[in-house]
file protein-v7.pdb (PDB, C-alpha atoms and all ligand atoms)
MODEL        1
ATOM      1  CA  MET A   1     168.103 100.423 255.605  1.00  0.00           C
ATOM      2  CA  TYR A   2     165.147 102.650 256.331  1.00  0.00           C
ATOM      3  CA  ARG A   3     162.774 103.742 259.050  1.00  0.00           C
ATOM      4  CA  GLU A   4     159.159 104.787 259.195  1.00  0.00           C
ATOM      5  CA  TYR A   5     158.225 108.378 260.010  1.00  0.00           C
ATOM      6  CA  LYS A   6     155.044 110.333 260.424  1.00  0.00           C
ATOM      7  CA  ALA A   7     154.495 113.923 259.371  1.00  0.00           C
ATOM      8  CA  LYS A   8     154.161 116.259 262.351  1.00  0.00           C
ATOM      9  CA  ARG A   9     153.523 119.669 260.773  1.00  0.00           C
ATOM     10  CA  ILE A  10     154.158 121.681 257.642  1.00  0.00           C
ATOM     11  CA  ILE A  11     155.607 125.183 257.764  1.00  0.00           C
ATOM     12  CA  SER A  12     155.275 127.257 254.593  1.00  0.00           C
ATOM     13  CA  GLY A  13     156.453 130.753 253.829  1.00  0.00           C
ATOM     14  CA  LYS A  14     158.817 132.901 251.846  1.00  0.00           C
ATOM     15  CA  LEU A  15     162.494 133.565 252.425  1.00  0.00           C
ATOM     16  CA  PRO A  16     163.909 137.119 252.669  1.00  0.00           C
ATOM     17  CA  HIS A  17     165.058 138.870 249.488  1.00  0.00           C
ATOM     18  CA  GLY A  18     168.850 139.057 249.330  1.00  0.00           C
ATOM     19  CA  ALA A  19     169.492 136.389 251.974  1.00  0.00           C
ATOM     20  CA  ASP A  20     171.198 133.030 251.488  1.00  0.00           C
ATOM     21  CA  VAL A  21     168.865 130.088 250.796  1.00  0.00           C
ATOM     22  CA  THR A  22     170.502 127.415 252.967  1.00  0.00           C
ATOM     23  CA  GLU A  23     171.293 129.755 255.866  1.00  0.00           C
ATOM     24  CA  SER A  24     167.728 131.094 255.870  1.00  0.00           C
ATOM     25  CA  LEU A  25     166.252 127.597 255.975  1.00  0.00           C
ATOM     26  CA  LYS A  26     168.668 126.514 258.706  1.00  0.00           C
ATOM     27  CA  SER A  27     167.699 129.569 260.730  1.00  0.00           C
ATOM     28  CA  ILE A  28     163.986 128.726 260.442  1.00  0.00           C
ATOM     29  CA  CYS A  29     164.662 125.105 261.467  1.00  0.00           C
ATOM     30  CA  ASN A  30     166.637 126.268 264.504  1.00  0.00           C
ATOM     31  CA  LYS A  31     163.958 128.788 265.496  1.00  0.00           C
ATOM     32  CA  GLU A  32     161.204 126.154 265.167  1.00  0.00           C
ATOM     33  CA  GLY A  33     163.216 123.324 266.718  1.00  0.00           C
ATOM     34  CA  ILE A  34     163.081 121.209 263.565  1.00  0.00           C
ATOM     35  CA  THR A  35     165.815 118.569 263.389  1.00  0.00           C
ATOM     36  CA  LEU A  36     164.096 116.075 261.090  1.00  0.00           C
ATOM     37  CA  GLY A  37     162.071 116.622 257.939  1.00  0.00           C
ATOM     38  CA  ASN A  38     161.859 117.391 254.243  1.00  0.00           C
ATOM     39  CA  ILE A  39     162.175 120.699 252.414  1.00  0.00           C
ATOM     40  CA  HIS A  40     160.828 121.989 249.101  1.00  0.00           C
ATOM     41  CA  ILE A  41     161.661 125.375 247.629  1.00  0.00           C
ATOM     42  CA  LEU A  42     160.778 127.226 244.440  1.00  0.00           C
ATOM     43  CA  GLY A  43     161.349 130.720 243.167  1.00  0.00           C
ATOM     44  CA  ALA A  44     164.366 132.516 241.772  1.00  0.00           C
ATOM     45  CA  VAL A  45     167.898 133.432 242.821  1.00  0.00           C
ATOM     46  CA  LYS A  46     170.186 136.320 241.857  1.00  0.00           C
ATOM     47  CA  LYS A  47     173.217 134.037 241.822  1.00  0.00           C
ATOM     48  CA  ALA A  48     173.914 130.476 242.854  1.00  0.00           C
ATOM     49  CA  SER A  49     176.631 128.180 244.135  1.00  0.00           C
ATOM     50  CA  LEU A  50     176.284 124.489 243.403  1.00  0.00           C
ATOM     51  CA  GLY A  51     178.438 121.555 244.363  1.00  0.00           C
ATOM     52  CA  PHE A  52     179.357 118.579 242.235  1.00  0.00           C
ATOM     53  CA  TYR A  53     180.816 115.704 244.242  1.00  0.00           C
ATOM     54  CA  ASN A  54     183.950 114.357 242.601  1.00  0.00           C
ATOM     55  CA  GLN A  55     183.662 110.659 243.476  1.00  0.00           C
ATOM     56  CA  THR A  56     187.348 109.961 242.754  1.00  0.00           C
ATOM     57  CA  LYS A  57     188.796 112.835 244.759  1.00  0.00           C
ATOM     58  CA  LYS A  58     185.969 112.563 247.317  1.00  0.00           C
ATOM     59  CA  GLU A  59     185.475 116.310 247.468  1.00  0.00           C
ATOM     60  CA  TYR A  60     182.985 118.882 246.219  1.00  0.00           C
ATOM     61  CA  GLU A  61     183.813 120.969 243.175  1.00  0.00           C
ATOM     62  CA  MET A  62     182.180 124.395 243.403  1.00  0.00           C
ATOM     63  CA  LEU A  63     180.174 125.726 240.455  1.00  0.00           C
ATOM     64  CA  ILE A  64     179.437 129.463 240.621  1.00  0.00           C
ATOM     65  CA  PHE A  65     176.667 131.068 238.543  1.00  0.00           C
ATOM     66  CA  ASN A  66     176.596 134.872 238.728  1.00  0.00           C
ATOM     67  CA  GLU A  67     173.311 135.297 236.875  1.00  0.00           C
ATOM     68  CA  PRO A  68     169.583 135.284 237.644  1.00  0.00           C
ATOM     69  CA  LEU A  69     168.194 131.757 237.714  1.00  0.00           C
ATOM     70  CA  GLU A  70     164.817 130.140 238.321  1.00  0.00           C
ATOM     71  CA  ILE A  71     164.494 127.479 241.000  1.00  0.00           C
ATOM     72  CA  VAL A  72     162.652 124.929 238.902  1.00  0.00           C
ATOM     73  CA  SER A  73     162.662 122.103 241.408  1.00  0.00           C
ATOM     74  CA  SER A  74     164.282 121.012 244.628  1.00  0.00           C
ATOM     75  CA  LEU A  75     164.528 118.169 247.083  1.00  0.00           C
ATOM     76  CA  GLY A  76     165.934 118.603 250.520  1.00  0.00           C
ATOM     77  CA  ASN A  77     166.014 117.216 254.014  1.00  0.00           C
ATOM     78  CA  VAL A  78     166.823 118.176 257.564  1.00  0.00           C
ATOM     79  CA  SER A  79     168.832 115.970 259.879  1.00  0.00           C
ATOM     80  CA  LEU A  80     171.615 116.253 262.450  1.00  0.00           C
ATOM     81  CA  LYS A  81     175.368 116.537 261.956  1.00  0.00           C
ATOM     82  CA  ASP A  82     177.727 117.020 264.895  1.00  0.00           C
ATOM     83  CA  GLY A  83     174.703 117.766 267.083  1.00  0.00           C
ATOM     84  CA  GLU A  84     173.517 120.639 264.880  1.00  0.00           C
ATOM     85  CA  THR A  85     170.703 121.019 262.381  1.00  0.00           C
ATOM     86  CA  PHE A  86     171.947 120.175 258.894  1.00  0.00           C
ATOM     87  CA  VAL A  87     169.986 121.281 255.821  1.00  0.00           C
ATOM     88  CA  HIS A  88     170.753 119.330 252.644  1.00  0.00           C
ATOM     89  CA  ILE A  89     169.198 120.508 249.365  1.00  0.00           C
ATOM     90  CA  HIS A  90     169.574 119.575 245.719  1.00  0.00           C
ATOM     91  CA  VAL A  91     168.154 121.935 243.111  1.00  0.00           C
ATOM     92  CA  THR A  92     167.414 122.194 239.443  1.00  0.00           C
ATOM     93  CA  LEU A  93     167.872 125.776 238.217  1.00  0.00           C
ATOM     94  CA  SER A  94     167.176 127.248 234.785  1.00  0.00           C
ATOM     95  CA  ASN A  95     168.756 130.217 233.000  1.00  0.00           C
ATOM     96  CA  SER A  96     167.278 132.844 230.644  1.00  0.00           C
ATOM     97  CA  ARG A  97     167.370 130.374 227.764  1.00  0.00           C
ATOM     98  CA  GLY A  98     165.444 127.753 229.722  1.00  0.00           C
ATOM     99  CA  GLU A  99     168.489 125.572 230.059  1.00  0.00           C
ATOM    100  CA  ALA A 100     168.643 123.483 233.209  1.00  0.00           C
ATOM    101  CA  LEU A 101     171.542 122.970 235.556  1.00  0.00           C
ATOM    102  CA  GLY A 102     171.637 121.476 238.959  1.00  0.00           C
ATOM    103  CA  GLY A 103     173.485 120.057 241.888  1.00  0.00           C
ATOM    104  CA  HIS A 104     174.049 120.225 245.614  1.00  0.00           C
ATOM    105  CA  LEU A 105     172.965 123.670 246.823  1.00  0.00           C
ATOM    106  CA  MET A 106     175.772 125.589 248.513  1.00  0.00           C
ATOM    107  CA  SER A 107     176.353 129.066 249.920  1.00  0.00           C
ATOM    108  CA  PRO A 108     176.337 131.764 248.775  1.00  0.00           C
ATOM    109  CA  THR A 109     173.091 131.429 246.834  1.00  0.00           C
ATOM    110  CA  GLU A 110     171.297 134.779 246.979  1.00  0.00           C
ATOM    111  CA  ILE A 111     167.516 134.812 247.048  1.00  0.00           C
ATOM    112  CA  PHE A 112     165.503 136.923 244.632  1.00  0.00           C
ATOM    113  CA  ALA A 113     162.206 135.341 245.637  1.00  0.00           C
ATOM    114  CA  CYS A 114     161.775 131.969 247.297  1.00  0.00           C
ATOM    115  CA  GLU A 115     158.769 130.090 248.633  1.00  0.00           C
ATOM    116  CA  PHE A 116     159.370 127.122 250.895  1.00  0.00           C
ATOM    117  CA  SER A 117     157.650 124.319 252.729  1.00  0.00           C
ATOM    118  CA  ILE A 118     159.237 122.294 255.499  1.00  0.00           C
ATOM    119  CA  VAL A 119     157.545 119.038 256.439  1.00  0.00           C
ATOM    120  CA  GLU A 120     158.654 118.227 259.973  1.00  0.00           C
ATOM    121  CA  THR A 121     158.559 114.526 260.754  1.00  0.00           C
ATOM    122  CA  LEU A 122     158.331 112.558 263.989  1.00  0.00           C
ATOM    123  CA  GLY A 123     160.594 109.630 264.740  1.00  0.00           C
ATOM    124  CA  ALA A 124     164.142 108.606 265.539  1.00  0.00           C
ATOM    125  CA  PRO A 125     166.649 111.314 264.589  1.00  0.00           C
ATOM    126  CA  LEU A 126     168.703 110.852 261.444  1.00  0.00           C
ATOM    127  CA  VAL A 127     172.311 111.611 262.338  1.00  0.00           C
ATOM    128  CA  ARG A 128     175.031 112.160 259.732  1.00  0.00           C
ATOM    129  CA  LYS A 129     178.261 110.246 260.129  1.00  0.00           C
ATOM    130  CA  LEU A 130     181.331 110.033 257.909  1.00  0.00           C
ATOM    131  CA  ASP A 131     180.940 107.164 255.449  1.00  0.00           C
ATOM    132  CA  GLU A 132     184.392 105.764 254.660  1.00  0.00           C
ATOM    133  CA  VAL A 133     183.339 104.344 251.268  1.00  0.00           C
ATOM    134  CA  THR A 134     181.989 107.578 249.784  1.00  0.00           C
ATOM    135  CA  GLY A 135     183.748 110.176 251.935  1.00  0.00           C
ATOM    136  CA  LEU A 136     180.342 111.781 252.530  1.00  0.00           C
ATOM    137  CA  TYR A 137     178.478 112.427 255.772  1.00  0.00           C
ATOM    138  CA  LEU A 138     175.552 110.066 255.294  1.00  0.00           C
ATOM    139  CA  TRP A 139     172.726 109.040 257.601  1.00  0.00           C
ATOM    140  CA  ASP A 140     173.921 106.516 260.168  1.00  0.00           C
ATOM    141  CA  ILE A 141     171.075 104.069 259.671  1.00  0.00           C
TER     142      ILE A 141
HETATM  143 ZN    ZN A 201     174.061 116.781 248.275  1.00  0.00          ZN
ENDMDL
END
call {"tool": "encode", "arguments": {"input": "protein-v7.pdb", "output": "structure tokens"}}
result
Amino acid sequence: MYREYKAKRIISGKLPHGADVTESLKSICNKEGITLGNIHILGAVKKASLGFYNQTKKEYEMLIFNEPLEIVSSLGNVSLKDGETFVHIHVTLSNSRGEALGGHLMSPTEIFACEFSIVETLGAPLVRKLDEVTGLYLWDI
């Protein structure tokens, strides 16, 4: 179950200090009309909220980290859910001891400094739909 896409353009920049990572990226996608693509971010956050999906309960458990963390790595995408732009990002963060933690990026996650690139792609939209097996909104493909 997959489709072929072509890269249309790449937008790179930095997100505003003190803002929320996901909301800032969603705002840029809306402003630029991006509904399909991939996202990479790196930098640092003042505090972070991560989700861990409990596969038995079929719900996210929130993990809150009220400490400065590095954004070591990230993978994300842009698609549509309920007709709106949906930004989905997973991150690996590290603390002052170099220990890694990670998960599904949630709000609030406050930016200290964050560089981003969004690769907009051309092709059939990827639309999220409730998947009965997992309880997640997955691509209807
Ligand atoms: Zn996720």
call {"tool": "resolve_selection", "arguments": {"input": "protein-v7.pdb", "expression": "the PyMOL selection byres (((chain A and resi 50) around 9) and not hetatm)", "output": "ChimeraX atom specification"}}
result
/A:48-49,51-52,61-65,90-91,102-107,109
call {"tool": "write_last_selection", "arguments": {"input": "protein-v7.pdb", "atoms": "C-alpha atoms", "output": "JSON list (two decimals), in the coordinates of the input"}}
result
[["chain", "number", "residue", "atom", "x", "y", "z"],
["A", 48, "ALA", "CA", 173.91, 130.48, 242.85],
["A", 49, "SER", "CA", 176.63, 128.18, 244.14],
["A", 51, "GLY", "CA", 178.44, 121.56, 244.36],
["A", 52, "PHE", "CA", 179.36, 118.58, 242.24],
["A", 61, "GLU", "CA", 183.81, 120.97, 243.18],
["A", 62, "MET", "CA", 182.18, 124.40, 243.40],
["A", 63, "LEU", "CA", 180.17, 125.73, 240.46],
["A", 64, "ILE", "CA", 179.44, 129.46, 240.62],
["A", 65, "PHE", "CA", 176.67, 131.07, 238.54],
["A", 90, "HIS", "CA", 169.57, 119.58, 245.72],
["A", 91, "VAL", "CA", 168.15, 121.94, 243.11],
["A", 102, "GLY", "CA", 171.64, 121.48, 238.96],
["A", 103, "GLY", "CA", 173.48, 120.06, 241.89],
["A", 104, "HIS", "CA", 174.05, 120.22, 245.61],
["A", 105, "LEU", "CA", 172.96, 123.67, 246.82],
["A", 106, "MET", "CA", 175.77, 125.59, 248.51],
["A", 107, "SER", "CA", 176.35, 129.07, 249.92],
["A", 109, "THR", "CA", 173.09, 131.43, 246.83]]
call {"tool": "axis_aligned_box", "arguments": {"input": "protein-v7.pdb", "around": "segment 90-99 of chain A", "padding_each_side": "5 Å", "output": "AutoDock Vina command-line options"}}
result
--center_x 167.5 --center_y 126.2 --center_z 236.7 --size_x 14.1 --size_y 23.3 --size_z 28.0
call {"tool": "closest_residue", "arguments": {"input": "protein-v7.pdb", "among": "A:Ile11, A:Leu69, A:Leu138, A:Ala113", "to": "ligand ZN 201 (chain A)", "atoms": "all atoms listed in the file"}}
result
A:Leu138
call {"tool": "residues_around", "arguments": {"input": "protein-v7.pdb", "residues": "segment 35-42 of chain A", "least_positions_apart": "4", "cutoff": "9 Å", "atoms": "only C-alpha atoms", "output": "MDAnalysis selection string"}}
result
chainID A and resid 7 25 29:30 70:80 84:89 91 113:126
call {"tool": "atom_distance", "arguments": {"input": "protein-v7.pdb", "atom1": "atom CA of Ala44 of chain A", "atom2": "atom CA of Phe112 of chain A"}}
result
5.4 Å
call {"tool": "atom_distance", "arguments": {"input": "protein-v7.pdb", "atom1": "atom CA of Gly13 of chain A", "atom2": "atom CA of Lys26 of chain A"}}
result
13.8 Å
call {"tool": "residues_around", "arguments": {"input": "protein-v7.pdb", "residues": "Gly135 of chain A", "least_positions_apart": "3", "cutoff": "10 Å", "atoms": "all atoms listed in the file", "output": "JSON, numbers by chain"}}
result
{"A": [53, 55, 56, 57, 58, 59, 129, 130, 131, 132, 138]}
call {"tool": "atom_distance", "arguments": {"input": "protein-v7.pdb", "atom1": "atom CA of Gly43 of chain A", "atom2": "atom CA of Ala100 of chain A"}}
result
14.3 Å
call {"tool": "decode", "arguments": {"input": "protein-v7.pdb", "residues": "segment 53-65 of chain A", "atoms": "all heavy atoms", "output": "PDB file, in the first residue's frame"}}
result
ATOM      1  N   TYR A  53       1.904   5.785  22.593  1.00  0.00           N
ATOM      2  CA  TYR A  53       0.609   5.174  22.296  1.00  0.00           C
ATOM      3  C   TYR A  53       0.473   3.832  22.998  1.00  0.00           C
ATOM      4  O   TYR A  53       1.218   2.891  22.709  1.00  0.00           O
ATOM      5  CB  TYR A  53       0.423   5.011  20.790  1.00  0.00           C
ATOM      6  CG  TYR A  53      -0.996   4.674  20.411  1.00  0.00           C
ATOM      7  CD1 TYR A  53      -2.012   5.604  20.564  1.00  0.00           C
ATOM      8  CD2 TYR A  53      -1.319   3.413  19.921  1.00  0.00           C
ATOM      9  CE1 TYR A  53      -3.318   5.309  20.233  1.00  0.00           C
ATOM     10  CE2 TYR A  53      -2.636   3.108  19.582  1.00  0.00           C
ATOM     11  CZ  TYR A  53      -3.628   4.055  19.736  1.00  0.00           C
ATOM     12  OH  TYR A  53      -4.930   3.759  19.415  1.00  0.00           O
ATOM     13  N   ASN A  54      -0.453   3.774  23.935  1.00  0.00           N
ATOM     14  CA  ASN A  54      -0.736   2.529  24.647  1.00  0.00           C
ATOM     15  C   ASN A  54      -1.587   1.658  23.711  1.00  0.00           C
ATOM     16  O   ASN A  54      -2.754   1.959  23.471  1.00  0.00           O
ATOM     17  CB  ASN A  54      -1.469   2.828  25.955  1.00  0.00           C
ATOM     18  CG  ASN A  54      -1.713   1.576  26.764  1.00  0.00           C
ATOM     19  OD1 ASN A  54      -2.122   0.539  26.243  1.00  0.00           O
ATOM     20  ND2 ASN A  54      -1.455   1.674  28.058  1.00  0.00           N
ATOM     21  N   GLN A  55      -0.982   0.597  23.194  1.00  0.00           N
ATOM     22  CA  GLN A  55      -1.634  -0.219  22.165  1.00  0.00           C
ATOM     23  C   GLN A  55      -2.791  -1.049  22.721  1.00  0.00           C
ATOM     24  O   GLN A  55      -3.660  -1.473  21.962  1.00  0.00           O
ATOM     25  CB  GLN A  55      -0.590  -1.131  21.496  1.00  0.00           C
ATOM     26  CG  GLN A  55       0.466  -0.333  20.765  1.00  0.00           C
ATOM     27  CD  GLN A  55       1.566  -1.196  20.175  1.00  0.00           C
ATOM     28  OE1 GLN A  55       1.442  -2.413  20.068  1.00  0.00           O
ATOM     29  NE2 GLN A  55       2.664  -0.570  19.784  1.00  0.00           N
ATOM     30  N   THR A  56      -2.811  -1.283  24.025  1.00  0.00           N
ATOM     31  CA  THR A  56      -3.910  -2.033  24.639  1.00  0.00           C
ATOM     32  C   THR A  56      -5.110  -1.126  24.878  1.00  0.00           C
ATOM     33  O   THR A  56      -6.233  -1.446  24.500  1.00  0.00           O
ATOM     34  CB  THR A  56      -3.443  -2.644  25.981  1.00  0.00           C
ATOM     35  OG1 THR A  56      -2.279  -3.436  25.732  1.00  0.00           O
ATOM     36  CG2 THR A  56      -4.524  -3.518  26.584  1.00  0.00           C
ATOM     37  N   LYS A  57      -4.834   0.025  25.483  1.00  0.00           N
ATOM     38  CA  LYS A  57      -5.913   0.982  25.768  1.00  0.00           C
ATOM     39  C   LYS A  57      -6.308   1.799  24.541  1.00  0.00           C
ATOM     40  O   LYS A  57      -7.326   2.469  24.532  1.00  0.00           O
ATOM     41  CB  LYS A  57      -5.487   1.943  26.886  1.00  0.00           C
ATOM     42  CG  LYS A  57      -5.313   1.286  28.243  1.00  0.00           C
ATOM     43  CD  LYS A  57      -4.912   2.322  29.289  1.00  0.00           C
ATOM     44  CE  LYS A  57      -4.748   1.711  30.652  1.00  0.00           C
ATOM     45  NZ  LYS A  57      -4.244   2.679  31.645  1.00  0.00           N
ATOM     46  N   LYS A  58      -5.432   1.774  23.517  1.00  0.00           N
ATOM     47  CA  LYS A  58      -5.635   2.551  22.294  1.00  0.00           C
ATOM     48  C   LYS A  58      -5.796   4.037  22.593  1.00  0.00           C
ATOM     49  O   LYS A  58      -6.723   4.701  22.121  1.00  0.00           O
ATOM     50  CB  LYS A  58      -6.826   2.021  21.488  1.00  0.00           C
ATOM     51  CG  LYS A  58      -6.596   0.616  20.944  1.00  0.00           C
ATOM     52  CD  LYS A  58      -7.732   0.159  20.061  1.00  0.00           C
ATOM     53  CE  LYS A  58      -7.445  -1.219  19.502  1.00  0.00           C
ATOM     54  NZ  LYS A  58      -8.521  -1.756  18.679  1.00  0.00           N
ATOM     55  N   GLU A  59      -4.873   4.542  23.414  1.00  0.00           N
ATOM     56  CA  GLU A  59      -4.857   5.981  23.686  1.00  0.00           C
ATOM     57  C   GLU A  59      -3.428   6.430  24.002  1.00  0.00           C
ATOM     58  O   GLU A  59      -2.600   5.621  24.433  1.00  0.00           O
ATOM     59  CB  GLU A  59      -5.800   6.331  24.844  1.00  0.00           C
ATOM     60  CG  GLU A  59      -5.423   5.664  26.156  1.00  0.00           C
ATOM     61  CD  GLU A  59      -6.453   5.906  27.256  1.00  0.00           C
ATOM     62  OE1 GLU A  59      -7.639   6.084  26.948  1.00  0.00           O
ATOM     63  OE2 GLU A  59      -6.045   5.902  28.425  1.00  0.00           O
ATOM     64  N   TYR A  60      -3.186   7.718  23.779  1.00  0.00           N
ATOM     65  CA  TYR A  60      -1.854   8.265  24.054  1.00  0.00           C
ATOM     66  C   TYR A  60      -1.676   8.530  25.540  1.00  0.00           C
ATOM     67  O   TYR A  60      -2.564   9.054  26.197  1.00  0.00           O
ATOM     68  CB  TYR A  60      -1.633   9.569  23.283  1.00  0.00           C
ATOM     69  CG  TYR A  60      -1.217   9.342  21.855  1.00  0.00           C
ATOM     70  CD1 TYR A  60      -2.142   9.433  20.825  1.00  0.00           C
ATOM     71  CD2 TYR A  60       0.096   9.027  21.537  1.00  0.00           C
ATOM     72  CE1 TYR A  60      -1.770   9.209  19.504  1.00  0.00           C
ATOM     73  CE2 TYR A  60       0.483   8.801  20.223  1.00  0.00           C
ATOM     74  CZ  TYR A  60      -0.459   8.891  19.219  1.00  0.00           C
ATOM     75  OH  TYR A  60      -0.080   8.666  17.933  1.00  0.00           O
ATOM     76  N   GLU A  61      -0.505   8.164  26.044  1.00  0.00           N
ATOM     77  CA  GLU A  61      -0.105   8.539  27.396  1.00  0.00           C
ATOM     78  C   GLU A  61       0.855   9.706  27.229  1.00  0.00           C
ATOM     79  O   GLU A  61       1.777   9.644  26.429  1.00  0.00           O
ATOM     80  CB  GLU A  61       0.593   7.356  28.090  1.00  0.00           C
ATOM     81  CG  GLU A  61      -0.356   6.185  28.303  1.00  0.00           C
ATOM     82  CD  GLU A  61       0.342   4.903  28.736  1.00  0.00           C
ATOM     83  OE1 GLU A  61       1.585   4.908  28.912  1.00  0.00           O
ATOM     84  OE2 GLU A  61      -0.365   3.895  28.882  1.00  0.00           O
ATOM     85  N   MET A  62       0.603  10.781  27.967  1.00  0.00           N
ATOM     86  CA  MET A  62       1.400  12.001  27.853  1.00  0.00           C
ATOM     87  C   MET A  62       2.636  11.923  28.737  1.00  0.00           C
ATOM     88  O   MET A  62       2.531  11.548  29.906  1.00  0.00           O
ATOM     89  CB  MET A  62       0.519  13.103  28.353  1.00  0.00           C
ATOM     90  CG  MET A  62       0.382  14.376  27.708  1.00  0.00           C
ATOM     91  SD  MET A  62       0.448  14.924  26.144  1.00  0.00           S
ATOM     92  CE  MET A  62       0.410  16.649  26.579  1.00  0.00           C
ATOM     93  N   LEU A  63       3.783  12.270  28.183  1.00  0.00           N
ATOM     94  CA  LEU A  63       5.030  12.349  28.943  1.00  0.00           C
ATOM     95  C   LEU A  63       5.473  13.805  28.906  1.00  0.00           C
ATOM     96  O   LEU A  63       5.652  14.377  27.827  1.00  0.00           O
ATOM     97  CB  LEU A  63       6.106  11.458  28.313  1.00  0.00           C
ATOM     98  CG  LEU A  63       5.718   9.982  28.128  1.00  0.00           C
ATOM     99  CD1 LEU A  63       6.719   9.275  27.214  1.00  0.00           C
ATOM    100  CD2 LEU A  63       5.672   9.287  29.484  1.00  0.00           C
ATOM    101  N   ILE A  64       5.610  14.421  30.088  1.00  0.00           N
ATOM    102  CA  ILE A  64       5.971  15.835  30.165  1.00  0.00           C
ATOM    103  C   ILE A  64       7.408  15.968  30.672  1.00  0.00           C
ATOM    104  O   ILE A  64       7.754  15.372  31.702  1.00  0.00           O
ATOM    105  CB  ILE A  64       5.038  16.604  31.130  1.00  0.00           C
ATOM    106  CG1 ILE A  64       3.568  16.351  30.774  1.00  0.00           C
ATOM    107  CG2 ILE A  64       5.377  18.090  31.163  1.00  0.00           C
ATOM    108  CD1 ILE A  64       3.112  16.967  29.488  1.00  0.00           C
ATOM    109  N   PHE A  65       8.219  16.744  29.973  1.00  0.00           N
ATOM    110  CA  PHE A  65       9.603  16.987  30.378  1.00  0.00           C
ATOM    111  C   PHE A  65       9.797  18.497  30.533  1.00  0.00           C
ATOM    112  O   PHE A  65       9.839  19.215  29.545  1.00  0.00           O
ATOM    113  CB  PHE A  65      10.578  16.412  29.344  1.00  0.00           C
ATOM    114  CG  PHE A  65      10.413  14.930  29.151  1.00  0.00           C
ATOM    115  CD1 PHE A  65       9.598  14.432  28.145  1.00  0.00           C
ATOM    116  CD2 PHE A  65      11.056  14.029  29.995  1.00  0.00           C
ATOM    117  CE1 PHE A  65       9.427  13.058  27.982  1.00  0.00           C
ATOM    118  CE2 PHE A  65      10.888  12.656  29.841  1.00  0.00           C
ATOM    119  CZ  PHE A  65      10.068  12.170  28.833  1.00  0.00           C
TER     120      PHE A  65
END
